[in-house]
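Printed here is data_8.tsv (TSV, C-alpha atoms and all ligand atoms):
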chain	number	residue	atom	x	y	z
R	1	MET	CA	0.00	0.00	0.00
R	2	LYS	CA	1.23	3.50	-0.83
R	3	LYS	CA	2.31	5.68	2.07
R	4	ILE	CA	2.17	9.44	2.43
R	5	ALA	CA	4.47	11.02	4.96
R	6	TYR	CA	3.60	14.11	6.91
R	7	PHE	CA	6.04	16.55	8.44
R	8	ASP	CA	4.08	18.28	11.10
R	9	ALA	CA	5.24	19.98	14.30
R	10	GLY	CA	1.71	20.52	15.60
R	11	ILE	CA	0.03	17.24	14.56
R	12	ILE	CA	-2.65	19.05	12.53
R	13	THR	CA	-2.53	16.93	9.35
R	14	PRO	CA	-5.99	15.34	8.83
R	15	GLU	CA	-4.96	11.69	8.51
R	16	GLU	CA	-8.58	10.79	7.74
R	17	ILE	CA	-8.26	12.38	4.28
R	18	LEU	CA	-5.29	10.15	3.46
R	19	ILE	CA	-7.01	7.04	4.79
R	20	ALA	CA	-10.05	7.90	2.66
R	21	ALA	CA	-7.69	8.04	-0.34
R	22	ASP	CA	-6.49	4.49	0.47
R	23	LEU	CA	-3.09	5.88	1.43
R	24	VAL	CA	-1.28	5.12	4.69
R	25	PRO	CA	-0.37	8.27	6.63
R	26	ILE	CA	3.09	8.02	8.18
R	27	ARG	CA	4.34	10.70	10.53
R	28	LEU	CA	7.97	11.63	9.93
R	29	LEU	CA	10.01	11.47	13.10
R	30	GLY	CA	13.62	12.28	13.85
R	31	ASN	CA	16.53	9.93	14.24
R	32	PRO	CA	18.89	11.05	17.03
R	33	ASN	CA	21.59	8.66	15.81
R	34	ILE	CA	22.37	10.45	12.53
R	35	GLY	CA	24.48	13.49	11.67
R	36	ILE	CA	22.82	16.38	9.82
R	37	ASP	CA	25.56	17.49	7.46
R	38	LYS	CA	23.43	17.63	4.30
R	39	ALA	CA	20.65	19.61	5.97
R	40	ASN	CA	23.26	22.01	7.33
R	41	GLU	CA	24.27	22.83	3.75
R	42	HIS	CA	20.82	24.39	3.31
R	43	ILE	CA	19.86	25.73	6.73
R	44	PRO	CA	21.83	27.72	9.32
R	45	PRO	CA	22.87	25.69	12.38
R	46	THR	CA	20.70	27.93	14.57
R	47	HIS	CA	17.55	26.47	12.97
R	48	CYS	CA	15.61	23.88	15.03
R	49	VAL	CA	17.70	20.73	15.35
R	50	TRP	CA	14.68	18.39	15.04
R	51	ALA	CA	13.45	19.96	11.79
R	52	ARG	CA	16.97	19.78	10.33
R	53	ASN	CA	17.14	16.11	11.29
R	54	ILE	CA	13.96	15.34	9.30
R	55	LEU	CA	15.30	17.26	6.30
R	56	GLU	CA	18.52	15.24	6.43
R	57	GLN	CA	16.54	11.98	6.26
R	58	ALA	CA	14.44	13.32	3.38
R	59	ILE	CA	17.49	14.39	1.37
R	60	GLU	CA	19.09	10.97	1.97
R	61	GLY	CA	15.85	9.35	0.71
R	62	LEU	CA	12.79	8.15	2.61
R	63	ASP	CA	11.28	4.64	2.60
R	64	SER	CA	10.54	3.72	-1.06
R	65	ASP	CA	6.85	3.10	-0.21
R	66	ILE	CA	6.49	6.78	0.67
R	67	LYS	CA	5.07	8.42	-2.43
R	68	GLY	CA	4.66	11.95	-1.20
R	69	VAL	CA	4.79	14.35	1.71
R	70	ILE	CA	2.47	16.84	3.32
R	71	VAL	CA	4.16	19.60	5.26
R	72	THR	CA	1.68	21.18	7.62
R	73	HIS	CA	2.00	24.69	9.02
R	74	GLY	CA	3.45	24.21	12.47
R	75	CYS	CA	6.12	26.67	13.41
R	76	ASP	CA	8.14	29.03	11.21
R	77	CYS	CA	10.94	26.45	10.95
R	78	THR	CA	8.74	23.83	9.34
R	79	ASN	CA	7.08	26.41	7.11
R	80	ARG	CA	10.29	27.71	5.61
R	81	GLU	CA	11.77	24.24	5.37
R	82	PHE	CA	9.09	23.31	2.87
R	83	ASP	CA	10.72	25.60	0.29
R	84	ILE	CA	13.95	23.65	0.72
R	85	TRP	CA	12.10	20.33	0.42
R	86	LEU	CA	10.74	21.47	-2.94
R	87	GLU	CA	14.27	21.95	-4.22
R	88	CYS	CA	16.20	19.16	-2.52
R	89	VAL	CA	13.88	16.22	-1.87
R	90	ASP	CA	13.03	13.69	-4.52
R	91	LEU	CA	9.29	13.05	-4.12
R	92	ASP	CA	6.57	13.42	-6.76
R	93	PHE	CA	3.84	14.69	-4.49
R	94	MET	CA	4.43	17.59	-2.10
R	95	PHE	CA	1.73	19.69	-0.50
R	96	PHE	CA	1.89	22.51	2.02
R	97	LEU	CA	-1.17	22.45	4.27
R	98	ASN	CA	-1.67	25.91	5.64
R	99	ALA	CA	-3.18	25.20	9.06
R	100	PRO	CA	-4.19	28.57	10.50
R	101	LEU	CA	-2.74	30.07	13.63
R	102	LYS	CA	-6.01	31.62	14.77
R	103	ARG	CA	-9.15	29.72	15.66
R	104	ASP	CA	-11.97	32.03	14.61
R	105	LYS	CA	-14.68	31.65	11.94
R	106	THR	CA	-12.50	33.07	9.16
R	107	SER	CA	-9.70	30.63	10.05
R	108	LEU	CA	-12.14	27.74	9.94
R	109	LYS	CA	-13.33	28.76	6.48
R	110	PHE	CA	-9.72	29.13	5.33
R	111	PHE	CA	-8.74	25.72	6.69
R	112	VAL	CA	-11.74	23.97	5.11
R	113	LYS	CA	-10.70	25.48	1.77
R	114	ASP	CA	-7.13	24.28	2.18
R	115	ILE	CA	-8.23	20.75	3.11
R	116	LYS	CA	-10.43	20.73	-0.01
R	117	GLU	CA	-7.42	21.76	-2.09
R	118	LEU	CA	-5.46	18.88	-0.54
R	119	ILE	CA	-8.26	16.50	-1.53
R	120	THR	CA	-8.27	17.81	-5.11
R	121	GLN	CA	-4.52	17.41	-5.47
R	122	LEU	CA	-4.50	13.91	-3.93
R	123	GLU	CA	-7.33	12.83	-6.23
R	124	GLU	CA	-5.55	14.16	-9.31
R	125	HIS	CA	-2.12	12.82	-8.43
R	126	PHE	CA	-3.09	9.36	-7.16
R	127	ASN	CA	-6.15	8.92	-9.37
R	128	VAL	CA	-8.45	8.25	-6.41
R	129	ASN	CA	-11.91	9.39	-5.39
R	130	ILE	CA	-12.10	10.76	-1.86
R	131	THR	CA	-15.81	10.67	-1.10
R	132	ASN	CA	-17.58	12.02	1.98
R	133	GLU	CA	-18.59	8.45	2.84
R	134	LYS	CA	-14.95	7.34	2.87
R	135	ILE	CA	-13.95	10.32	5.01
R	136	ILE	CA	-16.74	9.56	7.50
R	137	GLU	CA	-15.56	5.95	7.69
R	138	ALA	CA	-12.00	7.13	8.35
R	139	ILE	CA	-13.20	9.57	11.03
R	140	LYS	CA	-14.97	6.71	12.81
R	141	LEU	CA	-11.82	4.59	12.66
R	142	MET	CA	-9.65	7.41	14.01
R	143	ASN	CA	-12.17	8.22	16.77
R	144	LYS	CA	-11.95	4.59	17.93
R	145	ILE	CA	-8.16	4.88	17.95
R	146	ARG	CA	-8.29	8.15	19.88
R	147	ASN	CA	-10.66	6.67	22.47
R	148	LEU	CA	-8.41	3.67	23.00
R	149	LEU	CA	-5.31	5.84	23.34
R	150	LYS	CA	-7.09	8.03	25.88
R	151	GLU	CA	-8.13	5.00	27.90
R	152	ILE	CA	-4.66	3.43	27.75
R	153	SER	CA	-2.98	6.74	28.70
R	154	GLU	CA	-4.79	6.67	32.07
R	155	TYR	CA	-2.79	3.62	33.14
R	156	ARG	CA	0.26	5.86	33.46
R	157	SER	CA	-1.27	7.60	36.47
R	158	LYS	CA	-2.55	4.26	37.78
R	159	MET	CA	1.14	3.32	37.81
R	160	THR	CA	0.80	0.22	35.68
R	161	LEU	CA	2.06	1.66	32.39
R	162	LYS	CA	5.42	3.37	32.04
R	163	GLY	CA	5.50	6.72	30.28
R	164	SER	CA	8.08	5.32	27.87
R	165	GLU	CA	5.88	2.38	26.89
R	166	PHE	CA	2.95	4.69	26.25
R	167	HIS	CA	5.17	7.05	24.22
R	168	HIS	CA	6.26	4.09	22.08
R	169	ILE	CA	2.62	3.06	21.56
R	170	VAL	CA	1.57	6.53	20.32
R	171	LYS	CA	4.58	6.69	17.98
R	172	ASN	CA	3.71	3.29	16.64
R	173	VAL	CA	0.12	4.38	15.91
R	174	GLN	CA	1.37	7.47	14.06
R	175	GLN	CA	3.53	5.31	11.81
R	176	LYS	CA	1.26	2.35	11.17
R	177	ASP	CA	-1.68	1.38	8.99
R	178	LYS	CA	-4.59	2.52	11.16
R	179	LYS	CA	-6.59	-0.73	10.99
R	180	GLU	CA	-3.54	-2.58	12.28
R	181	ALA	CA	-3.07	0.14	14.90
R	182	LEU	CA	-6.65	-0.35	16.11
R	183	LYS	CA	-6.11	-4.08	16.61
R	184	MET	CA	-2.78	-3.45	18.34
R	185	LEU	CA	-4.43	-1.00	20.78
R	186	GLU	CA	-7.36	-3.30	21.55
R	187	ASP	CA	-4.94	-6.12	22.43
R	188	LYS	CA	-2.69	-3.80	24.43
R	189	LEU	CA	-5.57	-2.46	26.52
R	190	GLU	CA	-6.71	-5.96	27.48
R	191	GLU	CA	-3.17	-6.88	28.46
R	192	ILE	CA	-2.59	-3.68	30.51
R	193	LYS	CA	-5.79	-4.27	32.49
R	194	THR	CA	-4.26	-7.43	33.94
R	195	ARG	CA	-1.14	-5.67	35.27
R	196	THR	CA	-0.39	-4.86	38.90
R	197	PRO	CA	0.97	-1.41	39.92
R	198	PHE	CA	4.71	-0.73	40.14
R	199	THR	CA	6.26	-1.51	43.49
R	200	ASP	CA	8.43	1.64	43.60
R	201	LYS	CA	6.42	4.16	45.66
R	202	ASN	CA	8.98	6.95	45.39
R	203	LEU	CA	8.58	7.73	41.72
R	204	LYS	CA	8.22	11.45	40.97
R	205	LYS	CA	5.06	12.08	38.99
R	206	ILE	CA	5.58	14.63	36.28
R	207	PHE	CA	3.70	16.39	33.54
R	208	LEU	CA	5.79	16.58	30.38
R	209	THR	CA	5.37	19.44	27.92
R	210	GLY	CA	7.48	21.15	25.26
R	211	SER	CA	8.73	20.61	21.71
R	212	VAL	CA	8.38	17.48	19.63
R	213	ILE	CA	9.88	14.82	21.91
R	214	ASP	CA	10.05	11.74	19.73
R	215	ASP	CA	12.96	9.76	21.13
R	216	THR	CA	11.52	7.17	23.52
R	217	GLU	CA	15.04	6.66	24.88
R	218	PHE	CA	14.79	10.16	26.35
R	219	ILE	CA	11.66	9.16	28.29
R	220	LYS	CA	13.47	6.02	29.46
R	221	PHE	CA	16.36	8.22	30.56
R	222	LEU	CA	13.94	10.28	32.73
R	223	GLU	CA	12.57	7.07	34.19
R	224	SER	CA	16.06	5.89	35.05
R	225	LEU	CA	16.30	9.02	37.24
R	226	GLY	CA	13.15	8.13	39.19
R	227	TYR	CA	10.45	9.94	37.18
R	228	GLN	CA	7.12	8.65	35.91
R	229	ILE	CA	5.35	10.72	33.26
R	230	VAL	CA	1.72	10.53	34.29
R	231	GLN	CA	0.41	13.13	31.86
R	232	ASP	CA	1.59	15.33	28.97
R	233	ASP	CA	0.42	17.70	26.29
R	234	LEU	CA	2.77	16.46	23.59
R	235	CYS	CA	2.10	15.73	19.94
R	236	ILE	CA	3.29	12.18	20.69
R	237	GLY	CA	0.82	12.15	23.54
R	238	THR	CA	-2.48	13.72	24.49
R	239	ARG	CA	-2.56	16.24	21.65
R	240	TYR	CA	-3.01	13.31	19.27
R	241	PHE	CA	-6.15	11.94	20.92
R	242	TRP	CA	-7.55	14.35	23.53
R	243	ILE	CA	-10.80	15.10	21.72
R	244	ASN	CA	-12.77	13.44	18.92
R	245	VAL	CA	-14.03	14.55	15.53
R	246	ASP	CA	-17.77	15.24	15.48
R	247	GLU	CA	-19.32	12.36	13.51
R	248	THR	CA	-22.60	14.23	12.94
R	249	GLU	CA	-21.08	17.30	11.24
R	250	LYS	CA	-20.20	17.54	7.50
R	251	PRO	CA	-16.91	15.59	7.42
R	252	ILE	CA	-14.45	18.16	6.02
R	253	LYS	CA	-15.78	20.92	8.26
R	254	ALA	CA	-15.74	18.49	11.21
R	255	LEU	CA	-12.06	17.72	10.58
R	256	ALA	CA	-11.14	21.41	10.33
R	257	LYS	CA	-13.10	22.19	13.51
R	258	TYR	CA	-11.44	19.29	15.31
R	259	HIS	CA	-7.95	20.54	14.55
R	260	LEU	CA	-8.85	24.08	15.55
R	261	SER	CA	-10.35	22.91	18.84
R	262	LYS	CA	-7.54	20.69	20.11
R	263	PRO	CA	-5.43	21.81	23.06
R	264	ILE	CA	-3.25	24.72	21.88
R	265	TYR	CA	0.17	23.58	20.74
R	266	SER	CA	3.25	25.48	21.81
R	267	THR	CA	3.65	26.76	18.24
R	268	LYS	CA	0.27	28.46	18.37
R	269	VAL	CA	-1.20	31.33	20.37
R	270	PRO	CA	-2.44	32.39	22.89
R	271	SER	CA	0.07	31.00	25.38
R	272	GLN	CA	-2.41	31.56	28.20
R	273	LYS	CA	-4.60	28.78	26.77
R	274	ARG	CA	-1.67	26.39	26.66
R	275	PHE	CA	-0.84	27.28	30.26
R	276	ASP	CA	-4.48	26.79	31.39
R	277	PHE	CA	-4.57	23.32	29.81
R	278	VAL	CA	-1.28	22.24	31.41
R	279	LYS	CA	-2.26	23.71	34.79
R	280	GLU	CA	-5.65	22.00	34.77
R	281	LEU	CA	-4.18	18.57	33.96
R	282	ALA	CA	-1.23	19.02	36.32
R	283	ALA	CA	-3.73	19.64	39.14
R	284	LYS	CA	-6.09	16.85	38.09
R	285	TYR	CA	-3.29	14.27	37.99
R	286	ASN	CA	-1.70	15.64	41.16
R	287	VAL	CA	1.76	15.83	39.62
R	288	ASP	CA	4.89	16.63	41.60
R	289	GLY	CA	6.17	18.95	38.88
R	290	VAL	CA	6.00	20.14	35.29
R	291	VAL	CA	8.95	19.60	32.94
R	292	ASN	CA	9.11	21.76	29.80
R	293	ILE	CA	11.60	20.55	27.18
R	294	ALA	CA	12.80	22.62	24.22
R	295	GLN	CA	14.66	20.99	21.39
R	296	LYS	CA	17.75	23.10	20.67
R	297	PHE	CA	16.67	26.30	18.87
R	298	CYS	CA	12.95	25.53	19.16
R	299	GLU	CA	11.84	29.14	19.14
R	300	PRO	CA	8.16	28.67	20.08
R	301	ILE	CA	9.06	26.86	23.29
R	302	LEU	CA	11.92	29.22	24.07
R	303	TYR	CA	9.59	32.22	23.71
R	304	ASP	CA	6.90	30.54	25.81
R	305	HIS	CA	9.17	29.45	28.66
R	306	PRO	CA	9.43	32.78	30.61
R	307	PHE	CA	5.63	33.12	30.51
R	308	MET	CA	5.09	29.54	31.68
R	309	ALA	CA	7.70	29.83	34.45
R	310	LYS	CA	6.09	33.04	35.75
R	311	LYS	CA	2.57	31.63	35.65
R	312	PHE	CA	3.45	28.45	37.55
R	313	LYS	CA	5.25	30.50	40.20
R	314	GLU	CA	2.33	32.91	40.62
R	315	LEU	CA	-0.23	30.17	41.33
R	316	LYS	CA	-1.80	30.14	44.79
R	317	ASN	CA	-0.29	26.68	45.14
R	318	PRO	CA	2.77	27.01	42.88
R	319	ILE	CA	3.64	23.96	40.78
R	320	PRO	CA	7.39	23.17	40.59
R	321	TYR	CA	8.54	23.81	37.04
R	322	LEU	CA	11.73	22.81	35.24
R	323	PHE	CA	12.81	24.10	31.85
R	324	ILE	CA	15.48	22.29	29.81
R	325	GLU	CA	16.84	23.02	26.34
R	326	MET	CA	18.44	19.91	24.90
R	327	GLU	CA	20.46	18.67	21.95
R	328	TYR	CA	18.94	16.05	19.68
R	329	ASN	CA	21.41	13.26	20.36
R	330	ARG	CA	21.54	10.58	23.02
R	331	GLU	CA	25.04	11.35	24.28
R	332	SER	CA	23.86	14.77	25.40
R	333	TYR	CA	21.08	13.34	27.61
R	334	LYS	CA	23.63	12.23	30.20
R	335	GLN	CA	24.81	15.83	30.62
R	336	LEU	CA	21.29	16.74	31.77
R	337	ALA	CA	21.21	14.14	34.56
R	338	THR	CA	22.40	16.55	37.28
R	339	ARG	CA	19.63	19.06	36.55
R	340	PHE	CA	16.94	16.39	36.57
R	341	GLU	CA	18.33	14.85	39.77
R	342	ALA	CA	18.38	18.26	41.48
R	343	PHE	CA	14.74	18.86	40.43
R	344	ALA	CA	13.72	15.42	41.74
R	345	GLU	CA	15.21	16.36	45.10
R	346	ILE	CA	13.15	19.52	45.49
R	347	ILE	CA	9.77	18.13	44.43
R	401	LIG	S1	10.81	21.40	17.74
R	401	LIG	FE1	10.06	23.53	17.83
R	401	LIG	S2	11.11	24.67	16.20
R	401	LIG	FE2	11.36	22.46	15.83
R	401	LIG	S3	9.74	21.91	14.41
R	401	LIG	FE3	8.97	21.51	16.48
R	401	LIG	S4	7.95	23.41	17.14
R	401	LIG	FE4	9.21	23.89	15.33
Represent the supplied structure as structure tokens.
Ligand code: SF4
Amino acid sequence: MKKIAYFDAGIITPEEILIAADLVPIRLLGNPNIGIDKANEHIPPTHCVWARNILEQAIEGLDSDIKGVIVTHGCDCTNREFDIWLECVDLDFMFFLNAPLKRDKTSLKFFVKDIKELITQLEEHFNVNITNEKIIEAIKLMNKIRNLLKEISEYRSKMTLKGSEFHHIVKNVQQKDKKEALKMLEDKLEEIKTRTPFTDKNLKKIFLTGSVIDDTEFIKFLESLGYQIVQDDLCIGTRYFWINVDETEKPIKALAKYHLSKPIYSTKVPSQKRFDFVKELAAKYNVDGVVNIAQKFCEPILYDHPFMAKKFKELKNPIPYLFIEMEYNRESYKQLATRFEAFAEII
């Protein structure tokens, strides 16, 4: 089956449209084990390290089953990178999906129009017919997946599912045929229900937020220091499944509305809404602290950090907050151990 990759910092690509076109949506993720020399020939080294990593893989050549890419408006880095992709990446189908920053009526109209343009171009290029019926079917499938992920995610706070295992599950869903993903999640849920809670009672419960954090080894590294991620607002996390698409609305409009109603990503505004969402969940899940991670040169998170730090401090019951900017390679994780250990001591 043909695959379409999407390069998307804010997880706003409507996968349902691709599924309805009988294509398999595959989210592009970084590889912390590679160098980024080729990407550095095109982009300054002060450009987001994660976005450069994806470009490097694309220049080297993606999986041969991947027949095209959709780059969706996330942050300015991903937007401008698309122009480089057009010149340097060898793929027949490339589409820039202009997901709006704002969430008002005009933005909704604009986004619906852009999704329709995506449909037209997919139909022409792949000689397929993307009908409303097929989109509705795909929405139902994805809603089932979202519901299962939401249910499974709760086992992190019940202390029977490690944050790293859950992170791996979400990544897997984003890179798999969705019917296979559904079966995998159904089986996983049944298996998790039979587990008993961890015996370690001293684990520090944290809420993880920040940039795209796609290396599960990083989550394992946090766990090795005594942390358990009980909740998050990441794109490989709750942002992928927190709400559902309305199955009663016209399907394209429902998809656009869905993506403009999800919890605000760090690349979007207003920051206050992002803070409110994190604060609400941090309180609900009774976390010991919030950890905000910026990939090196991730401007949206770097700009947001002073605001977040101030807001958590000003709360009536302040929530301990740690901000870390990190390199996208595994060797560098070890250098962060002291800061994480010090935070664990004060929470
Ligand atoms: S890590 Fe930050 S700068 Fe990089 S693509 Fe994601 S949001 Fe953009």
Name all residues at most 12 Å from Glu41 in chain R (count all atoms listed in the file; drop same-chain ones fewer than 2 positions away) and give them as a compact mmCIF listing (two decimals) with C-alpha atoms, keeping the file's coordinate frame.
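Output file out-v6.txt is given in full below:
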# COMPACT_ATOMS: atom_id res chain seq x y z
CA ILE R 36 22.82 16.38 9.82
CA ASP R 37 25.56 17.49 7.46
CA LYS R 38 23.43 17.63 4.30
CA ALA R 39 20.65 19.61 5.97
CA ILE R 43 19.86 25.73 6.73
CA PRO R 44 21.83 27.72 9.32
CA PRO R 45 22.87 25.69 12.38
CA HIS R 47 17.55 26.47 12.97
CA ARG R 52 16.97 19.78 10.33
CA LEU R 55 15.30 17.26 6.30
CA GLU R 56 18.52 15.24 6.43
CA ILE R 59 17.49 14.39 1.37
CA ILE R 84 13.95 23.65 0.72
CA CYS R 88 16.20 19.16 -2.52
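Counting all atoms listed in the file and comparing R:Ala9, R:Ile119, R:Ala21, R:Ile4, the residue that lies closest to Met94 in chain R is R:Ile4.
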- Message: List the spatial neighbours of Val287 in chain R as a ChimeraX atom specification - criterion: any atom at most 6 Å away, only C-alpha atoms, same-chain residues fewer than 5 positions off excluded.
- Response: /R:205-206,282
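With only C-alpha atoms and all ligand atoms as the atoms that count, the set of residues no farther than 7 Å from ligand LIG 401 (chain R) is R:Ala9, R:Cys48, R:Val49, R:Trp50, R:Ala51, R:Gly74, R:Cys75, R:Asp76, R:Cys77, R:Thr78, R:Ser211, R:Val212, R:Ser266, R:Thr267, R:Ala294, R:Gln295, R:Phe297, R:Cys298, R:Glu299, R:Pro300, R:Ile301.
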- Task: Name the closest residue to Ile243 in chain R among the candidates R:Met308, R:Leu255, R:Val24, R:Leu161; distances are taken between atoms, counting only C-alpha atoms.
- Result: R:Leu255
- Message: Which residues are close to Thr160 in chain R, i.e. within 12 Å by only C-alpha atoms, leaving aside same-chain residues fewer than 5 positions away? Reply as a list of chain:residue names.
- Response: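 So the residues in contact are R:Ile152, R:Ser153, R:Glu154, R:Tyr155, R:Glu165, R:Phe166, R:Leu189, R:Glu191, R:Ile192, R:Lys193, R:Thr194, R:Arg195, R:Thr196, R:Pro197, R:Phe198, R:Thr199, R:Asp200, R:Gln228, R:Ile229, R:Val230.
The interatomic distance for the pair CA of His42 in chain R and CA of Val89 in chain R works out to 11.9 Å.
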- Task: Select all residues near (16.4, 7.9, 22.4) (cut-off 9 Å, inclusive, file coordinates), counting all atoms listed in the file, and output them as a list in words.
- Result: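 Every polymer residue passing the test: Asn31, Pro32, Asn33, Asp214, Asp215, Thr216, Glu217, Phe218, Ile219, Lys220, Phe221, Tyr328, Asn329, Arg330 and Tyr333 of chain R.
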- Message: Can you measure CA of Ser157 in chain R to CA of Lys273 in chain R for me? One decimal in Å is fine.
- Response: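 Between CA of Ser157 in chain R and CA of Lys273 in chain R the gap is 23.5 Å.
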- Find the residues around Ile319 in chain R up to 8 Å (only C-alpha atoms counted), leave out those fewer than 3 positions away in its own chain, and share them as an MDAnalysis selection string. chainID R and resid 288:290 312:313 315
- Message: Could you check which residues have any atom within 12 Å of (-10.2, -3.6, 22.4), counting all atoms listed in the file with coordinates taken straight from the file, and then list them as a ChimeraX atom specification?
- Response: /R:144-145,147-149,151-152,181-193
- Task: Quote the spacing between CA of Glu314 in chain R and CA of Lys204 in chain R in Å to one decimal place.
- Result: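 Computing the Euclidean distance for CA of Glu314 in chain R and CA of Lys204 in chain R yields 22.3 Å.
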Range 246-268 of chain R from the block above: N, CA and C atoms written as a PDB file, in the first residue's frame:
ATOM      1  N   ASP R 246     -16.318  15.353  15.433  1.00  0.00           N
ATOM      2  CA  ASP R 246     -17.772  15.243  15.483  1.00  0.00           C
ATOM      3  C   ASP R 246     -18.260  14.395  14.294  1.00  0.00           C
ATOM      4  N   GLU R 247     -18.899  13.267  14.592  1.00  0.00           N
ATOM      5  CA  GLU R 247     -19.323  12.358  13.512  1.00  0.00           C
ATOM      6  C   GLU R 247     -20.646  12.789  12.883  1.00  0.00           C
ATOM      7  N   THR R 248     -21.292  13.811  13.481  1.00  0.00           N
ATOM      8  CA  THR R 248     -22.597  14.227  12.944  1.00  0.00           C
ATOM      9  C   THR R 248     -22.469  15.437  12.006  1.00  0.00           C
ATOM     10  N   GLU R 249     -21.333  16.090  12.045  1.00  0.00           N
ATOM     11  CA  GLU R 249     -21.084  17.302  11.235  1.00  0.00           C
ATOM     12  C   GLU R 249     -20.653  16.901   9.812  1.00  0.00           C
ATOM     13  N   LYS R 250     -20.731  17.835   8.842  1.00  0.00           N
ATOM     14  CA  LYS R 250     -20.199  17.544   7.502  1.00  0.00           C
ATOM     15  C   LYS R 250     -18.717  17.213   7.660  1.00  0.00           C
ATOM     16  N   PRO R 251     -18.220  16.123   7.028  1.00  0.00           N
ATOM     17  CA  PRO R 251     -16.906  15.591   7.416  1.00  0.00           C
ATOM     18  C   PRO R 251     -15.715  16.530   7.272  1.00  0.00           C
ATOM     19  N   ILE R 252     -15.641  17.307   6.180  1.00  0.00           N
ATOM     20  CA  ILE R 252     -14.448  18.164   6.017  1.00  0.00           C
ATOM     21  C   ILE R 252     -14.466  19.289   7.062  1.00  0.00           C
ATOM     22  N   LYS R 253     -15.650  19.860   7.263  1.00  0.00           N
ATOM     23  CA  LYS R 253     -15.779  20.916   8.263  1.00  0.00           C
ATOM     24  C   LYS R 253     -15.488  20.339   9.656  1.00  0.00           C
ATOM     25  N   ALA R 254     -15.970  19.123   9.889  1.00  0.00           N
ATOM     26  CA  ALA R 254     -15.740  18.488  11.208  1.00  0.00           C
ATOM     27  C   ALA R 254     -14.247  18.304  11.463  1.00  0.00           C
ATOM     28  N   LEU R 255     -13.517  17.910  10.422  1.00  0.00           N
ATOM     29  CA  LEU R 255     -12.064  17.716  10.583  1.00  0.00           C
ATOM     30  C   LEU R 255     -11.367  19.046  10.865  1.00  0.00           C
ATOM     31  N   ALA R 256     -11.765  20.084  10.114  1.00  0.00           N
ATOM     32  CA  ALA R 256     -11.144  21.406  10.328  1.00  0.00           C
ATOM     33  C   ALA R 256     -11.449  21.898  11.739  1.00  0.00           C
ATOM     34  N   LYS R 257     -12.699  21.747  12.157  1.00  0.00           N
ATOM     35  CA  LYS R 257     -13.099  22.188  13.506  1.00  0.00           C
ATOM     36  C   LYS R 257     -12.313  21.436  14.570  1.00  0.00           C
ATOM     37  N   TYR R 258     -12.177  20.136  14.341  1.00  0.00           N
ATOM     38  CA  TYR R 258     -11.444  19.294  15.306  1.00  0.00           C
ATOM     39  C   TYR R 258     -10.036  19.839  15.529  1.00  0.00           C
ATOM     40  N   HIS R 259      -9.342  20.103  14.416  1.00  0.00           N
ATOM     41  CA  HIS R 259      -7.946  20.541  14.550  1.00  0.00           C
ATOM     42  C   HIS R 259      -7.836  21.949  15.115  1.00  0.00           C
ATOM     43  N   LEU R 260      -8.899  22.739  14.981  1.00  0.00           N
ATOM     44  CA  LEU R 260      -8.850  24.085  15.551  1.00  0.00           C
ATOM     45  C   LEU R 260      -9.428  24.109  16.972  1.00  0.00           C
ATOM     46  N   SER R 261      -9.804  22.955  17.478  1.00  0.00           N
ATOM     47  CA  SER R 261     -10.353  22.906  18.840  1.00  0.00           C
ATOM     48  C   SER R 261      -9.459  22.136  19.793  1.00  0.00           C
ATOM     49  N   LYS R 262      -8.416  21.512  19.254  1.00  0.00           N
ATOM     50  CA  LYS R 262      -7.538  20.694  20.106  1.00  0.00           C
ATOM     51  C   LYS R 262      -6.794  21.594  21.086  1.00  0.00           C
ATOM     52  N   PRO R 263      -6.235  20.989  22.159  1.00  0.00           N
ATOM     53  CA  PRO R 263      -5.429  21.809  23.058  1.00  0.00           C
ATOM     54  C   PRO R 263      -4.380  22.581  22.261  1.00  0.00           C
ATOM     55  N   ILE R 264      -4.175  23.839  22.628  1.00  0.00           N
ATOM     56  CA  ILE R 264      -3.245  24.718  21.878  1.00  0.00           C
ATOM     57  C   ILE R 264      -1.825  24.167  21.939  1.00  0.00           C
ATOM     58  N   TYR R 265      -1.213  24.041  20.775  1.00  0.00           N
ATOM     59  CA  TYR R 265       0.171  23.578  20.742  1.00  0.00           C
ATOM     60  C   TYR R 265       1.091  24.760  21.038  1.00  0.00           C
ATOM     61  N   SER R 266       2.302  24.431  21.440  1.00  0.00           N
ATOM     62  CA  SER R 266       3.254  25.484  21.808  1.00  0.00           C
ATOM     63  C   SER R 266       3.577  26.412  20.638  1.00  0.00           C
ATOM     64  N   THR R 267       3.332  25.922  19.401  1.00  0.00           N
ATOM     65  CA  THR R 267       3.647  26.758  18.239  1.00  0.00           C
ATOM     66  C   THR R 267       2.514  27.739  17.937  1.00  0.00           C
ATOM     67  N   LYS R 268       1.424  27.609  18.661  1.00  0.00           N
ATOM     68  CA  LYS R 268       0.269  28.463  18.371  1.00  0.00           C
ATOM     69  C   LYS R 268       0.005  29.415  19.542  1.00  0.00           C
TER      70      LYS R 268
END
